[in-house]
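Visitor: First, the structure itself, so that you have it in front of you.
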Amino acid sequence: MDGSSELWQFASHYLPGGVCAAARPHKGIGHPVYMSRGQGSRLYDVDGNEYVDMCISFGAALLGHGHPKVAEAVQSALDMGIMCASETEWHGMLGRRLAEVIPCIEMVRYTMSGTEATYYAIKLAREYTDRTLVLKFEGHFHGFNDYLAYNYWPAPEDAWPKVTPAVQALPEYLKEGVIVLPFNDFERVEEIMAERGHEIAAVILEPVNFNSGAIRPQPGFLELLRRLTREQGSLLIFDEILSGFRTEIGCMQATYGVTPDLCTLGKAIGGGVPLSVFGGAREIMQHVSPVGRAQHSGTFNGNLLAIMAAHAALDVMQEKSFFEDLVARCDRLYAGINEIMSRIGFVGRVQGQGAQFAFLFGPPAQRELLRWEDLMDNHWSLLAQFYKACLERGIYFHTAQHHGISSAHADADIDLVLEGIESALKYVMSLGPIELSPAPGFF
Ligand code: PMP
């Protein structure tokens with residue numbers, strides 16, 4: 001038995017499913033690959049196998065693993081005494097730096113995870129507007145915050161217009177606080193905002209829906225949301241936990257030129273250390289406690305390890321041509337994958353924007369993706385086999401929907417990944433005709 005299988009059996013006695021997060025098992029092999037260390041673009045498993053990492057910690061390792069500047073910053077926090085629950089000069093300064101680069105941010109609060117950030121953003125919107133309803137989009141994931149845990153990746157029979165909890169044991173009454181619509185549906189959004197806009201506290205979305213195949217907003221869609229929320233006095237919230245820092249320092253709101261009222265950040269901002277942020281216009285943020293009544297507190301909020309790491313992450317991301325280089329490398333990878341697929345006659349394509357992307361296998365590859373419905377018949381089981389084949393070729397794709405590239409990925413890494421992908425695709429093609437598989441249910 002290999003080391004990962006053994007460790008999984010051991011961990012399963014003490015951790016449900018042998019894991020600390022439901023998304024962590026690799027569907028291609030049925031359990032996680034247990035890692036011993038990471039360095040730059042590489043991960044090393046407990047059996048000594050080396051992988052080019054294309055999961056990049058589900059988006060958190062945008063700078064690669066163990067970036068020396070992040071390590072140095074974490075060391076400085078250790079030197080200050082691993083203080084937590086104390087305010088320091090570094091907290092406000094990080095707020096100022098975020099306000100300088102991210103269009104919607106004038107003030108911020110720090111939390112530990114994306115789930116918390118979206119939870120507090122919704123609470124704040126409800127307090128600020130004195131309304132309870134929230135409008136979200138099918139296929140958009142906002143963490144396991146019960147307020148928003150509906151229609152993440154529903155199977156066809158549970159999909160919109162049904163409102164389906166994405167987790168078990170949610171009280172039925174919570175459903176009354178949420179409206180779900182298909183992404184990029186201009187007409188339905190206009191309709192709902194006209195009918196119920198006056199009841200809606202917030203419209204929340206991933207500006208690019210990376211959690212469902214990197215679906216882009218149609219031209220004018222974000223602008224429409226901006227206009228309608230303004231007209232109705234609802235807040236517009238961009239959940240940039242995953243989309244943030246994939247294209248430029250100002251995040252997707254800068255890339256698309258639409259400024260929301262609030263946004264959430266996470267993953268990349270901490271350079272691999274747990275940090276998330278909700279922030280936005282001063283007038284709204286002044287409603288957060290203790291100034292206002294939207295409660296937000298927590299022992300570990302603004303943990304110094306993460307604050308220092310975030311300063312370092314921003315330093316690195318603000319280096320000259322950081323994003324130009326990163327995005328150019330991503331585009332080379334995407335063009336390379338698409339070229340391989342068409343050359344070997346594989347029905348598929350890659351869809352990405354900036355440093356995050358997804359694979360489309362089968363019918364979705366042949367259509368323009370507008371919403372989750374367009375991705376439902378992706379060949380999920382074939383994808384899992386493909387990821388397994390990649391693993392065997394030294395390329396670590398996780399079976400979650402989104403993959404990423406870090407600034408530590410050099411051109412040589414991209415070459416290796418392209419080689420591995422070509423070989424893995426040829427292997428899965430040799431398995432015979434593709435069979436349709438049900439919707440994924442990631443967790
Ligand atoms: N929002 C988005 C858009 C996400 O992609 C994620 C995580 N994938 C979350 C929220 C939740 O973040 P976390 O896992 O840190 O709770």
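To be explicit about the labels: the chains of the structure tokens are called A, B, and onward in the order shown, and within each one the residues are counted from 1, while ligands get numbers from 1 in the order they are shown.
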Which protein, DNA or RNA residues have an atom within 6 Å of ligand 1, counting only C-alpha atoms and all ligand atoms, as a PyMOL selection string?

Guide: chain A and resi 113-115+141-143+206+239-242

Visitor: With only C-alpha atoms counted and 8 Å as the cut-off, give the residues of stretch 266-339 of chain A in contact with stretch 101-110 of chain A, each with its shortest interatomic distance in Å and the pair that gives it, as CSV.

Guide:
residue,atom,partner,partner_atom,distance
A:Leu275,CA,A:Tyr110,CA,6.9
A:Ser276,CA,A:Tyr110,CA,5.7
A:Val277,CA,A:Tyr110,CA,4.5
A:Phe278,CA,A:Arg109,CA,5.6
A:Gly279,CA,A:Val108,CA,4.0
A:Gly280,CA,A:Ile105,CA,4.0
A:Ala281,CA,A:Glu106,CA,5.2
A:Arg282,CA,A:Glu106,CA,5.4
A:Met285,CA,A:Met107,CA,6.3
A:Asn301,CA,A:Tyr110,CA,5.7
A:Gly302,CA,A:Tyr110,CA,5.2

Visitor: Could those residues be written to a file, using C-alpha atoms, as an mmCIF file, in the first residue's frame?

Guide:
data_model
loop_
_atom_site.group_PDB
_atom_site.id
_atom_site.type_symbol
_atom_site.label_atom_id
_atom_site.label_comp_id
_atom_site.auth_asym_id
_atom_site.auth_seq_id
_atom_site.Cartn_x
_atom_site.Cartn_y
_atom_site.Cartn_z
ATOM 1 C CA LEU A 275 -6.833 35.551 6.125
ATOM 2 C CA SER A 276 -10.019 36.895 4.652
ATOM 3 C CA VAL A 277 -11.415 40.369 4.354
ATOM 4 C CA PHE A 278 -14.718 42.077 3.881
ATOM 5 C CA GLY A 279 -14.576 45.705 2.975
ATOM 6 C CA GLY A 280 -16.114 48.500 1.020
ATOM 7 C CA ALA A 281 -17.489 51.983 1.187
ATOM 8 C CA ARG A 282 -16.796 53.874 4.425
ATOM 9 C CA MET A 285 -18.477 49.840 6.845
ATOM 10 C CA ASN A 301 -9.591 38.265 13.721
ATOM 11 C CA GLY A 302 -6.626 40.034 12.209
#

Visitor: Find, counting only C-alpha atoms, the residue in A:Tyr34, A:Gln351, A:Ala384, A:Phe144 that gets nearest to A:Val428.

Guide: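 Closest to A:Val428, using only C-alpha atoms: A:Ala384.
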
Visitor: Taking only stretch 22-170 of chain A into account, list the residues labelled alpha helix (DSSP H) by DSSP (computed from the backbone), as a VMD selection string.

Guide: chain A and resid 68 to 79 89 to 101 114 to 129

Visitor: Ranking A:Tyr396, A:Tyr256, A:Tyr128, A:Phe137 by minimum distance to A:Pro32 and counting only C-alpha atoms, which one comes first?

Guide: A:Tyr396

Visitor: I need the residue nearest A:Trp160 from this list: A:Thr111, A:Thr247, A:Trp372, A:Asp146. Use only C-alpha atoms for the distance.

Guide: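 The answer is A:Trp372, which sits nearest to A:Trp160.
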
Visitor: Would you kindly return, as a list in words, each protein, DNA or RNA residue with an atom no farther than 12 Å from any atom of A:Ala412, considering only C-alpha atoms and excluding same-chain residues fewer than 4 positions away?

Guide: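 Contacts, in chain order: Ser41, Val52, Arg329, Arg332, Leu333, Ala408, Leu416, Val417, Leu418 and Glu419 of chain A.
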
Visitor: Take the residues from that selection and put them in a file with C-alpha atoms, as a compact mmCIF listing (two decimals), in the first residue's frame.

Guide:
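File written: result-v5.txt
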# COMPACT_ATOMS: atom_id res chain seq x y z
CA SER A 41 5.46 25.40 -7.98
CA VAL A 52 3.82 20.42 -10.52
CA ARG A 329 2.10 32.45 -18.72
CA ARG A 332 0.30 30.32 -22.98
CA LEU A 333 -0.92 27.36 -20.94
CA ALA A 408 6.29 30.46 -9.07
CA LEU A 416 5.92 19.95 -18.27
CA VAL A 417 2.22 20.46 -17.60
CA LEU A 418 1.42 20.56 -21.32
CA GLU A 419 3.38 17.36 -21.88

Visitor: Quick one: pick out all strand (DSSP E or B) residues within stretch 103-230 of chain A from a backbone DSSP run and write them as a PyMOL selection string.

Guide: chain A and resi 107-111+133-137+150+165+178-181+200-205+209+215

Visitor: For the selection you just gave me, I'd like the residues written to a file as an mmCIF file, in the first residue's frame, keeping N, CA, C and O atoms.

Guide:
data_model
loop_
_atom_site.group_PDB
_atom_site.id
_atom_site.type_symbol
_atom_site.label_atom_id
_atom_site.label_comp_id
_atom_site.auth_asym_id
_atom_site.auth_seq_id
_atom_site.Cartn_x
_atom_site.Cartn_y
_atom_site.Cartn_z
ATOM 1 N N MET A 107 -12.719 50.925 3.711
ATOM 2 C CA MET A 107 -12.439 50.357 5.033
ATOM 3 C C MET A 107 -12.560 48.840 4.941
ATOM 4 O O MET A 107 -13.279 48.329 4.074
ATOM 5 N N VAL A 108 -11.880 48.150 5.849
ATOM 6 C CA VAL A 108 -11.934 46.677 5.855
ATOM 7 C C VAL A 108 -12.095 46.149 7.273
ATOM 8 O O VAL A 108 -11.820 46.847 8.240
ATOM 9 N N ARG A 109 -12.508 44.925 7.354
ATOM 10 C CA ARG A 109 -12.388 44.107 8.560
ATOM 11 C C ARG A 109 -11.794 42.768 8.132
ATOM 12 O O ARG A 109 -12.033 42.309 7.025
ATOM 13 N N TYR A 110 -11.031 42.161 9.044
ATOM 14 C CA TYR A 110 -10.368 40.886 8.747
ATOM 15 C C TYR A 110 -11.077 39.729 9.436
ATOM 16 O O TYR A 110 -11.497 39.845 10.594
ATOM 17 N N THR A 111 -11.163 38.617 8.737
ATOM 18 C CA THR A 111 -11.643 37.364 9.317
ATOM 19 C C THR A 111 -10.675 36.270 8.881
ATOM 20 O O THR A 111 -9.614 36.566 8.330
ATOM 21 N N LEU A 133 -33.735 40.028 2.554
ATOM 22 C CA LEU A 133 -33.575 39.168 1.375
ATOM 23 C C LEU A 133 -32.202 39.314 0.710
ATOM 24 O O LEU A 133 -31.669 40.425 0.618
ATOM 25 N N VAL A 134 -31.691 38.188 0.228
ATOM 26 C CA VAL A 134 -30.427 38.215 -0.501
ATOM 27 C C VAL A 134 -30.632 37.511 -1.843
ATOM 28 O O VAL A 134 -31.257 36.449 -1.897
ATOM 29 N N LEU A 135 -30.128 38.121 -2.895
ATOM 30 C CA LEU A 135 -30.198 37.500 -4.223
ATOM 31 C C LEU A 135 -28.831 36.926 -4.564
ATOM 32 O O LEU A 135 -27.816 37.636 -4.485
ATOM 33 N N LYS A 136 -28.815 35.626 -4.869
ATOM 34 C CA LYS A 136 -27.559 34.981 -5.281
ATOM 35 C C LYS A 136 -27.794 34.227 -6.598
ATOM 36 O O LYS A 136 -28.933 34.067 -7.033
ATOM 37 N N PHE A 137 -26.701 33.723 -7.177
ATOM 38 C CA PHE A 137 -26.818 33.065 -8.476
ATOM 39 C C PHE A 137 -26.446 31.585 -8.380
ATOM 40 O O PHE A 137 -25.515 31.217 -7.656
ATOM 41 N N TYR A 150 -27.226 27.624 -0.991
ATOM 42 C CA TYR A 150 -28.303 27.124 -1.862
ATOM 43 C C TYR A 150 -27.810 27.061 -3.295
ATOM 44 O O TYR A 150 -27.037 27.929 -3.733
ATOM 45 N N PRO A 165 -31.163 23.533 -0.865
ATOM 46 C CA PRO A 165 -30.029 23.682 0.048
ATOM 47 C C PRO A 165 -28.838 22.857 -0.437
ATOM 48 O O PRO A 165 -29.009 21.751 -0.939
ATOM 49 N N VAL A 178 -33.535 33.991 0.858
ATOM 50 C CA VAL A 178 -32.695 33.959 -0.333
ATOM 51 C C VAL A 178 -33.518 33.797 -1.620
ATOM 52 O O VAL A 178 -34.532 33.097 -1.633
ATOM 53 N N ILE A 179 -33.100 34.503 -2.633
ATOM 54 C CA ILE A 179 -33.654 34.308 -3.985
ATOM 55 C C ILE A 179 -32.493 33.814 -4.832
ATOM 56 O O ILE A 179 -31.389 34.359 -4.752
ATOM 57 N N VAL A 180 -32.744 32.787 -5.640
ATOM 58 C CA VAL A 180 -31.690 32.259 -6.510
ATOM 59 C C VAL A 180 -32.093 32.493 -7.962
ATOM 60 O O VAL A 180 -33.240 32.241 -8.334
ATOM 61 N N LEU A 181 -31.151 32.980 -8.745
ATOM 62 C CA LEU A 181 -31.416 33.159 -10.183
ATOM 63 C C LEU A 181 -30.267 32.567 -10.995
ATOM 64 O O LEU A 181 -29.154 32.422 -10.477
ATOM 65 N N ILE A 200 -34.732 43.646 -1.080
ATOM 66 C CA ILE A 200 -33.442 42.964 -1.210
ATOM 67 C C ILE A 200 -32.315 43.757 -0.552
ATOM 68 O O ILE A 200 -32.048 44.902 -0.911
ATOM 69 N N ALA A 201 -31.676 43.122 0.420
ATOM 70 C CA ALA A 201 -30.557 43.761 1.130
ATOM 71 C C ALA A 201 -29.314 43.760 0.250
ATOM 72 O O ALA A 201 -28.586 44.751 0.187
ATOM 73 N N ALA A 202 -29.078 42.622 -0.420
ATOM 74 C CA ALA A 202 -27.832 42.510 -1.191
ATOM 75 C C ALA A 202 -27.984 41.559 -2.346
ATOM 76 O O ALA A 202 -28.737 40.591 -2.289
ATOM 77 N N VAL A 203 -27.242 41.864 -3.395
ATOM 78 C CA VAL A 203 -27.036 40.924 -4.503
ATOM 79 C C VAL A 203 -25.578 40.518 -4.404
ATOM 80 O O VAL A 203 -24.686 41.372 -4.412
ATOM 81 N N ILE A 204 -25.336 39.219 -4.253
ATOM 82 C CA ILE A 204 -23.953 38.745 -4.106
ATOM 83 C C ILE A 204 -23.621 37.790 -5.246
ATOM 84 O O ILE A 204 -24.472 36.992 -5.669
ATOM 85 N N LEU A 205 -22.406 37.889 -5.754
ATOM 86 C CA LEU A 205 -21.983 36.998 -6.838
ATOM 87 C C LEU A 205 -20.461 36.918 -6.904
ATOM 88 O O LEU A 205 -19.767 37.784 -6.364
ATOM 89 N N ASN A 209 -17.427 33.474 -12.390
ATOM 90 C CA ASN A 209 -17.908 32.317 -11.636
ATOM 91 C C ASN A 209 -16.915 31.155 -11.731
ATOM 92 O O ASN A 209 -17.150 30.147 -12.381
ATOM 93 N N ILE A 215 -17.034 30.827 -15.529
ATOM 94 C CA ILE A 215 -18.022 31.488 -16.385
ATOM 95 C C ILE A 215 -17.918 33.003 -16.211
ATOM 96 O O ILE A 215 -17.986 33.511 -15.097
#

Visitor: Find the spatial neighbours of A:Ala61, counting only C-alpha atoms, within a cut-off of 8 Å - ignore same-chain residues fewer than 2 positions away - and output them as a ChimeraX atom specification.

Guide: /A:56-59,63-65,267-268,271-272,406
